[in-house]
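Quick look at model.pdb (PDB, C-alpha atoms, pLDDT in the B column):
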ATOM      1  CA  MET D 150     -11.134 -16.937 -54.496  1.00 61.00           C
ATOM      2  CA  VAL D 151     -13.635 -15.514 -51.958  1.00 59.00           C
ATOM      3  CA  LYS D 152     -13.035 -18.446 -49.561  1.00 67.00           C
ATOM      4  CA  GLY D 153      -9.279 -17.836 -49.785  1.00 63.00           C
ATOM      5  CA  ARG D 154      -9.773 -14.179 -48.897  1.00 67.00           C
ATOM      6  CA  TYR D 155     -11.882 -15.098 -45.840  1.00 65.00           C
ATOM      7  CA  LEU D 156      -9.323 -17.698 -44.811  1.00 66.00           C
ATOM      8  CA  LEU D 157      -6.468 -15.172 -45.136  1.00 66.00           C
ATOM      9  CA  THR D 158      -8.455 -12.582 -43.152  1.00 68.00           C
ATOM     10  CA  GLY D 159      -9.185 -15.159 -40.456  1.00 64.00           C
ATOM     11  CA  VAL D 160      -5.515 -16.165 -40.204  1.00 60.00           C
ATOM     12  CA  LEU D 161      -4.458 -12.502 -39.953  1.00 60.00           C
ATOM     13  CA  ILE D 162      -7.022 -11.888 -37.179  1.00 71.00           C
ATOM     14  CA  VAL D 163      -5.734 -14.914 -35.223  1.00 64.00           C
ATOM     15  CA  ILE D 164      -2.083 -13.831 -35.607  1.00 68.00           C
ATOM     16  CA  THR D 165      -2.952 -10.274 -34.556  1.00 63.00           C
ATOM     17  CA  GLY D 166      -4.819 -11.650 -31.539  1.00 59.00           C
ATOM     18  CA  ILE D 167      -1.850 -13.774 -30.475  1.00 60.00           C
ATOM     19  CA  ILE D 168       0.564 -10.843 -30.798  1.00 60.00           C
ATOM     20  CA  LEU D 169      -1.803  -8.555 -28.915  1.00 51.00           C
ATOM     21  CA  ALA D 170      -2.330 -11.117 -26.140  1.00 53.00           C
ATOM     22  CA  ALA D 171       1.428 -11.611 -25.752  1.00 53.00           C
ATOM     23  CA  THR D 172       1.910  -7.837 -25.497  1.00 56.00           C
ATOM     24  CA  VAL D 173      -1.025  -7.023 -23.232  1.00 53.00           C
ATOM     25  CA  PHE D 174      -0.665 -10.088 -20.991  1.00 55.00           C
ATOM     26  CA  PRO D 175       3.056 -10.588 -20.414  1.00 68.00           C
ATOM     27  CA  SER D 176       4.282 -13.966 -19.245  1.00 91.00           C
ATOM     28  CA  GLU D 177       5.393 -14.505 -15.658  1.00 94.00           C
ATOM     29  CA  GLU D 178       8.995 -14.662 -16.878  1.00 95.00           C
ATOM     30  CA  LYS D 179       8.640 -11.204 -18.446  1.00 95.00           C
ATOM     31  CA  LYS D 180       7.107  -9.873 -15.218  1.00 95.00           C
ATOM     32  CA  VAL D 181      10.044 -11.230 -13.218  1.00 96.00           C
ATOM     33  CA  LYS D 182      12.559  -9.758 -15.657  1.00 96.00           C
ATOM     34  CA  LYS D 183      10.792  -6.407 -15.425  1.00 96.00           C
ATOM     35  CA  ARG D 184      11.533  -6.340 -11.675  1.00 96.00           C
ATOM     36  CA  PHE D 185      15.226  -6.724 -12.492  1.00 96.00           C
ATOM     37  CA  ARG D 186      15.023  -3.927 -15.082  1.00 97.00           C
ATOM     38  CA  LEU D 187      13.471  -1.674 -12.450  1.00 96.00           C
ATOM     39  CA  LEU D 188      16.152  -2.590  -9.917  1.00 96.00           C
ATOM     40  CA  SER D 189      18.875  -1.787 -12.453  1.00 96.00           C
ATOM     41  CA  GLU D 190      17.232   1.518 -13.368  1.00 96.00           C
ATOM     42  CA  TRP D 191      16.728   2.616  -9.756  1.00 95.00           C
ATOM     43  CA  VAL D 192      20.196   1.599  -8.548  1.00 94.00           C
ATOM     44  CA  SER D 193      21.885   3.404 -11.437  1.00 95.00           C
ATOM     45  CA  LYS D 194      22.854   7.053 -10.976  1.00 93.00           C
ATOM     46  CA  SER D 195      23.816   9.703 -13.506  1.00 92.00           C
ATOM     47  CA  PRO D 196      26.069  12.667 -12.664  1.00 90.00           C
ATOM     48  CA  GLU D 197      23.126  15.037 -13.325  1.00 92.00           C
ATOM     49  CA  GLU D 198      20.805  13.301 -10.834  1.00 91.00           C
ATOM     50  CA  ASN D 199      19.212  15.782  -8.432  1.00 91.00           C
ATOM     51  CA  ALA D 200      18.292  15.187  -4.782  1.00 89.00           C
ATOM     52  CA  PHE D 201      14.581  14.658  -5.536  1.00 92.00           C
ATOM     53  CA  THR D 202      15.332  11.966  -8.125  1.00 92.00           C
ATOM     54  CA  MET D 203      17.781  10.300  -5.743  1.00 92.00           C
ATOM     55  CA  LEU D 204      15.192  10.166  -2.942  1.00 92.00           C
ATOM     56  CA  GLN D 205      12.516   8.818  -5.288  1.00 94.00           C
ATOM     57  CA  LYS D 206      14.816   6.068  -6.584  1.00 95.00           C
ATOM     58  CA  ILE D 207      15.784   5.048  -3.037  1.00 93.00           C
ATOM     59  CA  LYS D 208      12.104   4.845  -2.093  1.00 94.00           C
ATOM     60  CA  ASP D 209      11.314   2.893  -5.265  1.00 95.00           C
ATOM     61  CA  ILE D 210      14.112   0.370  -4.645  1.00 95.00           C
ATOM     62  CA  SER D 211      12.551  -0.696  -1.342  1.00 94.00           C
ATOM     63  CA  THR D 212       9.215  -1.476  -3.046  1.00 96.00           C
ATOM     64  CA  LEU D 213      10.861  -4.351  -4.926  1.00 96.00           C
ATOM     65  CA  PHE D 214      11.628  -6.346  -1.761  1.00 96.00           C
ATOM     66  CA  LEU D 215       9.684  -8.521   0.634  1.00 96.00           C
ATOM     67  CA  GLU D 216      10.080  -7.820   4.288  1.00 93.00           C
ATOM     68  CA  PRO D 217      12.356  -9.196   5.484  1.00 94.00           C
ATOM     69  CA  CYS D 218      14.697  -9.950   2.591  1.00 95.00           C
ATOM     70  CA  GLU D 219      17.665 -12.271   3.086  1.00 96.00           C
ATOM     71  CA  LEU D 220      21.067 -11.322   1.714  1.00 94.00           C
ATOM     72  CA  LYS D 221      23.894 -13.836   1.545  1.00 93.00           C
ATOM     73  CA  ALA D 222      27.273 -12.420   0.540  1.00 88.00           C
ATOM     74  CA  PRO D 223      30.924 -13.522   0.625  1.00 86.00           C
ATOM     75  CA  ASN D 224      31.466 -10.625   3.031  1.00 82.00           C
ATOM     76  CA  GLU D 225      29.766 -11.954   6.176  1.00 84.00           C
ATOM     77  CA  SER D 226      29.187  -8.437   7.527  1.00 84.00           C
ATOM     78  CA  LEU D 227      26.769  -7.781   4.629  1.00 85.00           C
ATOM     79  CA  SER D 228      24.836 -11.026   5.073  1.00 91.00           C
ATOM     80  CA  GLY D 229      21.614 -10.877   7.006  1.00 94.00           C
ATOM     81  CA  SER D 230      17.911 -10.227   7.014  1.00 96.00           C
ATOM     82  CA  TYR D 231      16.825  -6.695   6.078  1.00 95.00           C
ATOM     83  CA  THR D 232      13.607  -4.681   6.292  1.00 95.00           C
ATOM     84  CA  ARG D 233      12.519  -2.358   3.491  1.00 94.00           C
ATOM     85  CA  GLN D 234      13.611   0.638   5.561  1.00 94.00           C
ATOM     86  CA  GLU D 235      17.081  -0.860   6.033  1.00 95.00           C
ATOM     87  CA  ILE D 236      17.306  -1.595   2.314  1.00 94.00           C
ATOM     88  CA  SER D 237      16.422   2.039   1.559  1.00 93.00           C
ATOM     89  CA  ALA D 238      18.995   3.307   4.054  1.00 93.00           C
ATOM     90  CA  TYR D 239      21.768   1.085   2.677  1.00 92.00           C
ATOM     91  CA  ALA D 240      20.853   1.928  -0.929  1.00 91.00           C
ATOM     92  CA  GLY D 241      20.926   5.638  -0.150  1.00 91.00           C
ATOM     93  CA  SER D 242      24.223   5.370   1.657  1.00 91.00           C
ATOM     94  CA  ALA D 243      25.841   3.312  -1.111  1.00 89.00           C
ATOM     95  CA  ARG D 244      24.557   5.587  -3.893  1.00 91.00           C
ATOM     96  CA  SER D 245      25.783   8.723  -2.081  1.00 90.00           C
ATOM     97  CA  HIS D 246      29.393   7.543  -2.413  1.00 91.00           C
ATOM     98  CA  PHE D 247      29.115   7.562  -6.212  1.00 93.00           C
ATOM     99  CA  SER D 248      28.980  10.434  -8.657  1.00 92.00           C
ATOM    100  CA  GLN D 249      28.021   7.956 -11.368  1.00 94.00           C
ATOM    101  CA  LEU D 250      26.736   4.395 -11.069  1.00 94.00           C
ATOM    102  CA  ASN D 251      25.429   1.855 -13.549  1.00 95.00           C
ATOM    103  CA  LEU D 252      24.056  -1.594 -12.756  1.00 95.00           C
ATOM    104  CA  LYS D 253      23.936  -3.893 -15.778  1.00 96.00           C
ATOM    105  CA  LEU D 254      22.259  -7.294 -15.518  1.00 96.00           C
ATOM    106  CA  HIS D 255      23.105 -10.055 -17.990  1.00 95.00           C
ATOM    107  CA  ASP D 256      22.220 -13.683 -18.698  1.00 94.00           C
ATOM    108  CA  LEU D 257      19.043 -13.854 -16.628  1.00 95.00           C
ATOM    109  CA  HIS D 258      17.920 -17.468 -16.294  1.00 96.00           C
ATOM    110  CA  VAL D 259      14.432 -17.694 -14.800  1.00 96.00           C
ATOM    111  CA  ALA D 260      12.987 -20.921 -13.392  1.00 96.00           C
ATOM    112  CA  PHE D 261       9.784 -21.546 -11.479  1.00 96.00           C
ATOM    113  CA  PRO D 262      10.542 -24.355  -8.993  1.00 94.00           C
ATOM    114  CA  GLU D 263       7.093 -24.005  -7.429  1.00 93.00           C
ATOM    115  CA  LYS D 264       3.960 -21.930  -7.867  1.00 92.00           C
ATOM    116  CA  GLU D 265       4.414 -18.235  -7.016  1.00 95.00           C
ATOM    117  CA  VAL D 266       8.224 -18.679  -6.666  1.00 96.00           C
ATOM    118  CA  ALA D 267      10.882 -17.687  -9.199  1.00 97.00           C
ATOM    119  CA  LYS D 268      14.564 -18.583  -8.998  1.00 97.00           C
ATOM    120  CA  VAL D 269      16.782 -16.342 -11.104  1.00 97.00           C
ATOM    121  CA  THR D 270      20.490 -16.706 -11.788  1.00 97.00           C
ATOM    122  CA  LEU D 271      22.248 -13.794 -13.447  1.00 96.00           C
ATOM    123  CA  THR D 272      25.449 -11.855 -13.816  1.00 94.00           C
ATOM    124  CA  ALA D 273      25.510  -8.309 -12.434  1.00 94.00           C
ATOM    125  CA  ARG D 274      28.094  -5.729 -13.390  1.00 94.00           C
ATOM    126  CA  LEU D 275      28.427  -2.600 -11.283  1.00 93.00           C
ATOM    127  CA  ILE D 276      30.323   0.195 -12.998  1.00 95.00           C
ATOM    128  CA  GLY D 277      30.770   3.545 -11.361  1.00 93.00           C
ATOM    129  CA  LYS D 278      32.831   6.482 -10.331  1.00 93.00           C
ATOM    130  CA  VAL D 279      33.289   7.187  -6.626  1.00 92.00           C
ATOM    131  CA  GLN D 280      33.060  10.821  -5.449  1.00 88.00           C
ATOM    132  CA  THR D 281      36.874  10.795  -5.062  1.00 90.00           C
ATOM    133  CA  GLY D 282      37.253   9.964  -8.774  1.00 89.00           C
ATOM    134  CA  GLU D 283      38.170   6.291  -8.371  1.00 93.00           C
ATOM    135  CA  GLN D 284      36.642   3.934 -10.929  1.00 95.00           C
ATOM    136  CA  VAL D 285      34.690   0.864  -9.790  1.00 92.00           C
ATOM    137  CA  ASP D 286      34.020  -2.145 -12.013  1.00 94.00           C
ATOM    138  CA  GLU D 287      32.744  -5.278 -10.254  1.00 90.00           C
ATOM    139  CA  ILE D 288      31.156  -8.412 -11.615  1.00 90.00           C
ATOM    140  CA  HIS D 289      29.103 -10.771  -9.465  1.00 91.00           C
ATOM    141  CA  GLU D 290      26.946 -13.778 -10.036  1.00 94.00           C
ATOM    142  CA  LEU D 291      23.604 -13.548  -8.241  1.00 95.00           C
ATOM    143  CA  ASP D 292      21.139 -16.234  -7.249  1.00 96.00           C
ATOM    144  CA  CYS D 293      17.816 -14.604  -6.455  1.00 97.00           C
ATOM    145  CA  LEU D 294      14.549 -15.916  -5.121  1.00 97.00           C
ATOM    146  CA  LEU D 295      11.407 -13.935  -5.867  1.00 97.00           C
ATOM    147  CA  LYS D 296       7.931 -14.562  -4.522  1.00 97.00           C
ATOM    148  CA  LYS D 297       4.649 -13.523  -6.063  1.00 97.00           C
ATOM    149  CA  ILE D 298       2.261 -11.732  -3.728  1.00 95.00           C
ATOM    150  CA  ASP D 299      -0.890  -9.960  -4.912  1.00 93.00           C
ATOM    151  CA  LYS D 300       0.123 -10.470  -8.556  1.00 92.00           C
ATOM    152  CA  LYS D 301       3.526  -8.780  -8.079  1.00 95.00           C
ATOM    153  CA  TRP D 302       6.985 -10.312  -7.829  1.00 97.00           C
ATOM    154  CA  PHE D 303       9.222  -9.351  -4.882  1.00 97.00           C
ATOM    155  CA  PHE D 304      12.827 -10.194  -4.049  1.00 97.00           C
ATOM    156  CA  SER D 305      12.873 -12.422  -0.972  1.00 97.00           C
ATOM    157  CA  GLN D 306      16.456 -13.702  -1.072  1.00 97.00           C
ATOM    158  CA  ILE D 307      19.632 -12.651  -2.868  1.00 96.00           C
ATOM    159  CA  GLU D 308      22.884 -14.567  -2.776  1.00 95.00           C
ATOM    160  CA  VAL D 309      26.002 -12.834  -4.101  1.00 91.00           C
ATOM    161  CA  ILE D 310      28.673 -15.084  -5.553  1.00 84.00           C
ATOM    162  CA  GLU D 311      31.914 -13.242  -6.292  1.00 67.00           C
ATOM    163  CA  VAL D 312      33.175 -13.945  -9.810  1.00 59.00           C
ATOM    164  CA  LEU D 313      35.955 -11.435 -10.530  1.00 53.00           C
ATOM    165  CA  LYS D 314      37.770  -9.130  -8.191  1.00 52.00           C
ATOM    166  CA  LYS D 315      40.159  -6.310  -9.093  1.00 48.00           C
TER     167      LYS D 315
END
Show me, as structure tokens, the structure contained in the file I just sent.
Amino acid sequence: MVKGRYLLTGVLIVITGIILAATVFPSEEKKVKKRFRLLSEWVSKSPEENAFTMLQKIKDISTLFLEPCELKAPNESLSGSYTRQEISAYAGSARSHFSQLNLKLHDLHVAFPEKEVAKVTLTARLIGKVQTGEQVDEIHELDCLLKKIDKKWFFSQIEVIEVLKK
């Protein structure tokens, strides 16, 4: 009876340790997915957003990217290599046209083709309302390449693949 109690206590301590380790030390996949959650949060805009919040989000967006970051898009005029400052400027300009904006990311598939490199395929849905009142609802498939530098993951390449167009 006493041995059973010690065994049960030991098993509970091991299980608690595993759960705690998984929570305190997230996997690389979770760290990569967190970067996407941050991107979604910082791109999104509520109608109540004030100027200070907007400026902070624009600044925060640029911290997610390596310099330079490559963008490949069906629209050739958007494709190119961008600095963090250019990313901030484009993000600010794009967000200013919307009174409301929501970026939803679905079906993230994370692979690690080599050390310190993550390849992520996902579906992005951009839903918003332009200042003129027009509704926007776009869906795109994205292929992203992230690189790990100083224990943080940064977007180094994004390829936009158009899926549906209204």
Per residue of segment 211-281 of chain D within 7 Å of segment 292-299 of chain D, note the shortest atom pair and the distance in Å to one decimal, counting only C-alpha atoms, and order the rows by chain and increasing residue number, as CSV.
residue,atom,partner,partner_atom,distance
D:Glu265,CA,D:Lys297,CA,4.8
D:Val266,CA,D:Lys296,CA,4.7
D:Ala267,CA,D:Leu295,CA,5.0
D:Lys268,CA,D:Leu294,CA,4.7
D:Val269,CA,D:Cys293,CA,5.1
D:Thr270,CA,D:Asp292,CA,4.6
D:Leu271,CA,D:Asp292,CA,6.8
TODO: Using the chain letters and numbers from the file, give me the residues hit by the PyMOL selection byres ((chain D and resi 192-199) around 12), as a VMD selection string.
DONE: chain D and resid 185 to 191 200 to 211 213 236 to 237 239 to 254 273 to 280
File dump, residues just selected, C-alpha atoms, as a short mmCIF file (atom, residue, chain, number, x, y, z; two decimals), keeping the file's coordinate frame:
data_model
loop_
_atom_site.label_atom_id
_atom_site.label_comp_id
_atom_site.auth_asym_id
_atom_site.auth_seq_id
_atom_site.Cartn_x
_atom_site.Cartn_y
_atom_site.Cartn_z
CA PHE D 185 15.23 -6.72 -12.49
CA ARG D 186 15.02 -3.93 -15.08
CA LEU D 187 13.47 -1.67 -12.45
CA LEU D 188 16.15 -2.59 -9.92
CA SER D 189 18.88 -1.79 -12.45
CA GLU D 190 17.23 1.52 -13.37
CA TRP D 191 16.73 2.62 -9.76
CA ALA D 200 18.29 15.19 -4.78
CA PHE D 201 14.58 14.66 -5.54
CA THR D 202 15.33 11.97 -8.12
CA MET D 203 17.78 10.30 -5.74
CA LEU D 204 15.19 10.17 -2.94
CA GLN D 205 12.52 8.82 -5.29
CA LYS D 206 14.82 6.07 -6.58
CA ILE D 207 15.78 5.05 -3.04
CA LYS D 208 12.10 4.84 -2.09
CA ASP D 209 11.31 2.89 -5.26
CA ILE D 210 14.11 0.37 -4.64
CA SER D 211 12.55 -0.70 -1.34
CA LEU D 213 10.86 -4.35 -4.93
CA ILE D 236 17.31 -1.60 2.31
CA SER D 237 16.42 2.04 1.56
CA TYR D 239 21.77 1.08 2.68
CA ALA D 240 20.85 1.93 -0.93
CA GLY D 241 20.93 5.64 -0.15
CA SER D 242 24.22 5.37 1.66
CA ALA D 243 25.84 3.31 -1.11
CA ARG D 244 24.56 5.59 -3.89
CA SER D 245 25.78 8.72 -2.08
CA HIS D 246 29.39 7.54 -2.41
CA PHE D 247 29.12 7.56 -6.21
CA SER D 248 28.98 10.43 -8.66
CA GLN D 249 28.02 7.96 -11.37
CA LEU D 250 26.74 4.39 -11.07
CA ASN D 251 25.43 1.86 -13.55
CA LEU D 252 24.06 -1.59 -12.76
CA LYS D 253 23.94 -3.89 -15.78
CA LEU D 254 22.26 -7.29 -15.52
CA ALA D 273 25.51 -8.31 -12.43
CA ARG D 274 28.09 -5.73 -13.39
CA LEU D 275 28.43 -2.60 -11.28
CA ILE D 276 30.32 0.20 -13.00
CA GLY D 277 30.77 3.54 -11.36
CA LYS D 278 32.83 6.48 -10.33
CA VAL D 279 33.29 7.19 -6.63
CA GLN D 280 33.06 10.82 -5.45
#
Task: Hits from the PyMOL selection byres ((chain D and resi 216-231) around 8), listed as a ChimeraX atom specification - done: /D:214-215,232-233,235-236,304-311
Task: atom CA of Gln234 of chain D to atom CA of Leu291 of chain D, distance in Å rounded to a single decimal - done: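 It comes out at 22.2 Å.
Take the candidates D:Lys300, D:Glu290, D:Pro262, D:Val285 and check each one against Ser176 of chain D using all atoms listed in the file; the shortest distance goes to D:Lys300.
Here atom CA of Thr212 of chain D and atom CA of Phe303 of chain D stand 8.1 Å from one another.
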Task: Computed interatomic separation between atom CA of Asp256 of chain D and atom CA of Lys183 of chain D (Å) - done: 13.9 Å
Missing atoms in segment 213-246 of chain D: can you complete it with N, CA and C atoms, as a PDB file, keeping the file's coordinate frame?
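rebuild_37.pdb, freshly written:
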ATOM      1  N   LEU D 213      10.610  -3.111  -4.187  1.00 96.00           N
ATOM      2  CA  LEU D 213      10.861  -4.351  -4.926  1.00 96.00           C
ATOM      3  C   LEU D 213      11.091  -5.548  -4.009  1.00 96.00           C
ATOM      4  N   PHE D 214      11.214  -5.303  -2.691  1.00 96.00           N
ATOM      5  CA  PHE D 214      11.628  -6.346  -1.761  1.00 96.00           C
ATOM      6  C   PHE D 214      10.526  -6.743  -0.793  1.00 96.00           C
ATOM      7  N   LEU D 215      10.535  -8.038  -0.446  1.00 96.00           N
ATOM      8  CA  LEU D 215       9.684  -8.521   0.634  1.00 96.00           C
ATOM      9  C   LEU D 215      10.323  -8.118   1.950  1.00 96.00           C
ATOM     10  N   GLU D 216       9.537  -8.135   2.970  1.00 93.00           N
ATOM     11  CA  GLU D 216      10.080  -7.820   4.288  1.00 93.00           C
ATOM     12  C   GLU D 216       9.901  -9.008   5.206  1.00 93.00           C
ATOM     13  N   PRO D 217      10.957  -9.547   5.728  1.00 94.00           N
ATOM     14  CA  PRO D 217      12.356  -9.196   5.484  1.00 94.00           C
ATOM     15  C   PRO D 217      12.873  -9.869   4.224  1.00 94.00           C
ATOM     16  N   CYS D 218      13.999  -9.368   3.741  1.00 95.00           N
ATOM     17  CA  CYS D 218      14.697  -9.950   2.591  1.00 95.00           C
ATOM     18  C   CYS D 218      16.053 -10.447   3.067  1.00 95.00           C
ATOM     19  N   GLU D 219      16.396 -11.661   2.680  1.00 96.00           N
ATOM     20  CA  GLU D 219      17.665 -12.271   3.086  1.00 96.00           C
ATOM     21  C   GLU D 219      18.751 -11.948   2.075  1.00 96.00           C
ATOM     22  N   LEU D 220      19.906 -11.545   2.558  1.00 94.00           N
ATOM     23  CA  LEU D 220      21.067 -11.322   1.714  1.00 94.00           C
ATOM     24  C   LEU D 220      22.184 -12.231   2.187  1.00 94.00           C
ATOM     25  N   LYS D 221      22.733 -12.986   1.254  1.00 93.00           N
ATOM     26  CA  LYS D 221      23.894 -13.836   1.545  1.00 93.00           C
ATOM     27  C   LYS D 221      25.023 -13.341   0.659  1.00 93.00           C
ATOM     28  N   ALA D 222      26.149 -12.968   1.290  1.00 88.00           N
ATOM     29  CA  ALA D 222      27.273 -12.420   0.540  1.00 88.00           C
ATOM     30  C   ALA D 222      28.572 -13.020   1.039  1.00 88.00           C
ATOM     31  N   PRO D 223      29.609 -13.034   0.183  1.00 86.00           N
ATOM     32  CA  PRO D 223      30.924 -13.522   0.625  1.00 86.00           C
ATOM     33  C   PRO D 223      31.440 -12.739   1.838  1.00 86.00           C
ATOM     34  N   ASN D 224      31.113 -11.458   1.884  1.00 82.00           N
ATOM     35  CA  ASN D 224      31.466 -10.625   3.031  1.00 82.00           C
ATOM     36  C   ASN D 224      30.398 -10.836   4.105  1.00 82.00           C
ATOM     37  N   GLU D 225      30.740 -11.580   5.132  1.00 84.00           N
ATOM     38  CA  GLU D 225      29.766 -11.954   6.176  1.00 84.00           C
ATOM     39  C   GLU D 225      29.091 -10.748   6.822  1.00 84.00           C
ATOM     40  N   SER D 226      29.785  -9.604   6.879  1.00 84.00           N
ATOM     41  CA  SER D 226      29.187  -8.437   7.527  1.00 84.00           C
ATOM     42  C   SER D 226      28.005  -7.884   6.732  1.00 84.00           C
ATOM     43  N   LEU D 227      27.904  -8.223   5.448  1.00 85.00           N
ATOM     44  CA  LEU D 227      26.769  -7.781   4.629  1.00 85.00           C
ATOM     45  C   LEU D 227      25.603  -8.767   4.688  1.00 85.00           C
ATOM     46  N   SER D 228      25.882 -10.001   5.035  1.00 91.00           N
ATOM     47  CA  SER D 228      24.836 -11.026   5.073  1.00 91.00           C
ATOM     48  C   SER D 228      23.882 -10.767   6.215  1.00 91.00           C
ATOM     49  N   GLY D 229      22.600 -11.038   5.954  1.00 94.00           N
ATOM     50  CA  GLY D 229      21.614 -10.877   7.006  1.00 94.00           C
ATOM     51  C   GLY D 229      20.214 -10.734   6.455  1.00 94.00           C
ATOM     52  N   SER D 230      19.312 -10.411   7.338  1.00 96.00           N
ATOM     53  CA  SER D 230      17.911 -10.227   7.014  1.00 96.00           C
ATOM     54  C   SER D 230      17.592  -8.741   7.154  1.00 96.00           C
ATOM     55  N   TYR D 231      17.018  -8.143   6.111  1.00 95.00           N
ATOM     56  CA  TYR D 231      16.825  -6.695   6.078  1.00 95.00           C
ATOM     57  C   TYR D 231      15.364  -6.313   5.845  1.00 95.00           C
ATOM     58  N   THR D 232      14.936  -5.249   6.520  1.00 95.00           N
ATOM     59  CA  THR D 232      13.607  -4.681   6.292  1.00 95.00           C
ATOM     60  C   THR D 232      13.679  -3.738   5.088  1.00 95.00           C
ATOM     61  N   ARG D 233      12.548  -3.304   4.606  1.00 94.00           N
ATOM     62  CA  ARG D 233      12.519  -2.358   3.491  1.00 94.00           C
ATOM     63  C   ARG D 233      13.203  -1.042   3.875  1.00 94.00           C
ATOM     64  N   GLN D 234      12.990  -0.601   5.106  1.00 94.00           N
ATOM     65  CA  GLN D 234      13.611   0.638   5.561  1.00 94.00           C
ATOM     66  C   GLN D 234      15.139   0.505   5.580  1.00 94.00           C
ATOM     67  N   GLU D 235      15.635  -0.634   6.023  1.00 95.00           N
ATOM     68  CA  GLU D 235      17.081  -0.860   6.033  1.00 95.00           C
ATOM     69  C   GLU D 235      17.635  -0.913   4.612  1.00 95.00           C
ATOM     70  N   ILE D 236      16.889  -1.532   3.713  1.00 94.00           N
ATOM     71  CA  ILE D 236      17.306  -1.595   2.314  1.00 94.00           C
ATOM     72  C   ILE D 236      17.396  -0.186   1.736  1.00 94.00           C
ATOM     73  N   SER D 237      16.400   0.647   2.021  1.00 93.00           N
ATOM     74  CA  SER D 237      16.422   2.039   1.559  1.00 93.00           C
ATOM     75  C   SER D 237      17.622   2.785   2.119  1.00 93.00           C
ATOM     76  N   ALA D 238      17.876   2.612   3.407  1.00 93.00           N
ATOM     77  CA  ALA D 238      18.995   3.307   4.054  1.00 93.00           C
ATOM     78  C   ALA D 238      20.327   2.878   3.452  1.00 93.00           C
ATOM     79  N   TYR D 239      20.523   1.577   3.262  1.00 92.00           N
ATOM     80  CA  TYR D 239      21.768   1.085   2.677  1.00 92.00           C
ATOM     81  C   TYR D 239      21.912   1.521   1.222  1.00 92.00           C
ATOM     82  N   ALA D 240      20.812   1.493   0.475  1.00 91.00           N
ATOM     83  CA  ALA D 240      20.853   1.928  -0.929  1.00 91.00           C
ATOM     84  C   ALA D 240      21.223   3.403  -1.009  1.00 91.00           C
ATOM     85  N   GLY D 241      20.614   4.206  -0.161  1.00 91.00           N
ATOM     86  CA  GLY D 241      20.926   5.638  -0.150  1.00 91.00           C
ATOM     87  C   GLY D 241      22.368   5.902   0.221  1.00 91.00           C
ATOM     88  N   SER D 242      22.843   5.207   1.214  1.00 91.00           N
ATOM     89  CA  SER D 242      24.223   5.370   1.657  1.00 91.00           C
ATOM     90  C   SER D 242      25.204   4.946   0.560  1.00 91.00           C
ATOM     91  N   ALA D 243      24.954   3.809  -0.059  1.00 89.00           N
ATOM     92  CA  ALA D 243      25.841   3.312  -1.111  1.00 89.00           C
ATOM     93  C   ALA D 243      25.830   4.256  -2.319  1.00 89.00           C
ATOM     94  N   ARG D 244      24.651   4.707  -2.724  1.00 91.00           N
ATOM     95  CA  ARG D 244      24.557   5.587  -3.893  1.00 91.00           C
ATOM     96  C   ARG D 244      25.228   6.931  -3.645  1.00 91.00           C
ATOM     97  N   SER D 245      25.210   7.409  -2.387  1.00 90.00           N
ATOM     98  CA  SER D 245      25.783   8.723  -2.081  1.00 90.00           C
ATOM     99  C   SER D 245      27.300   8.752  -2.259  1.00 90.00           C
ATOM    100  N   HIS D 246      27.946   7.601  -2.232  1.00 91.00           N
ATOM    101  CA  HIS D 246      29.393   7.543  -2.413  1.00 91.00           C
ATOM    102  C   HIS D 246      29.802   7.642  -3.886  1.00 91.00           C
TER     103      HIS D 246
END
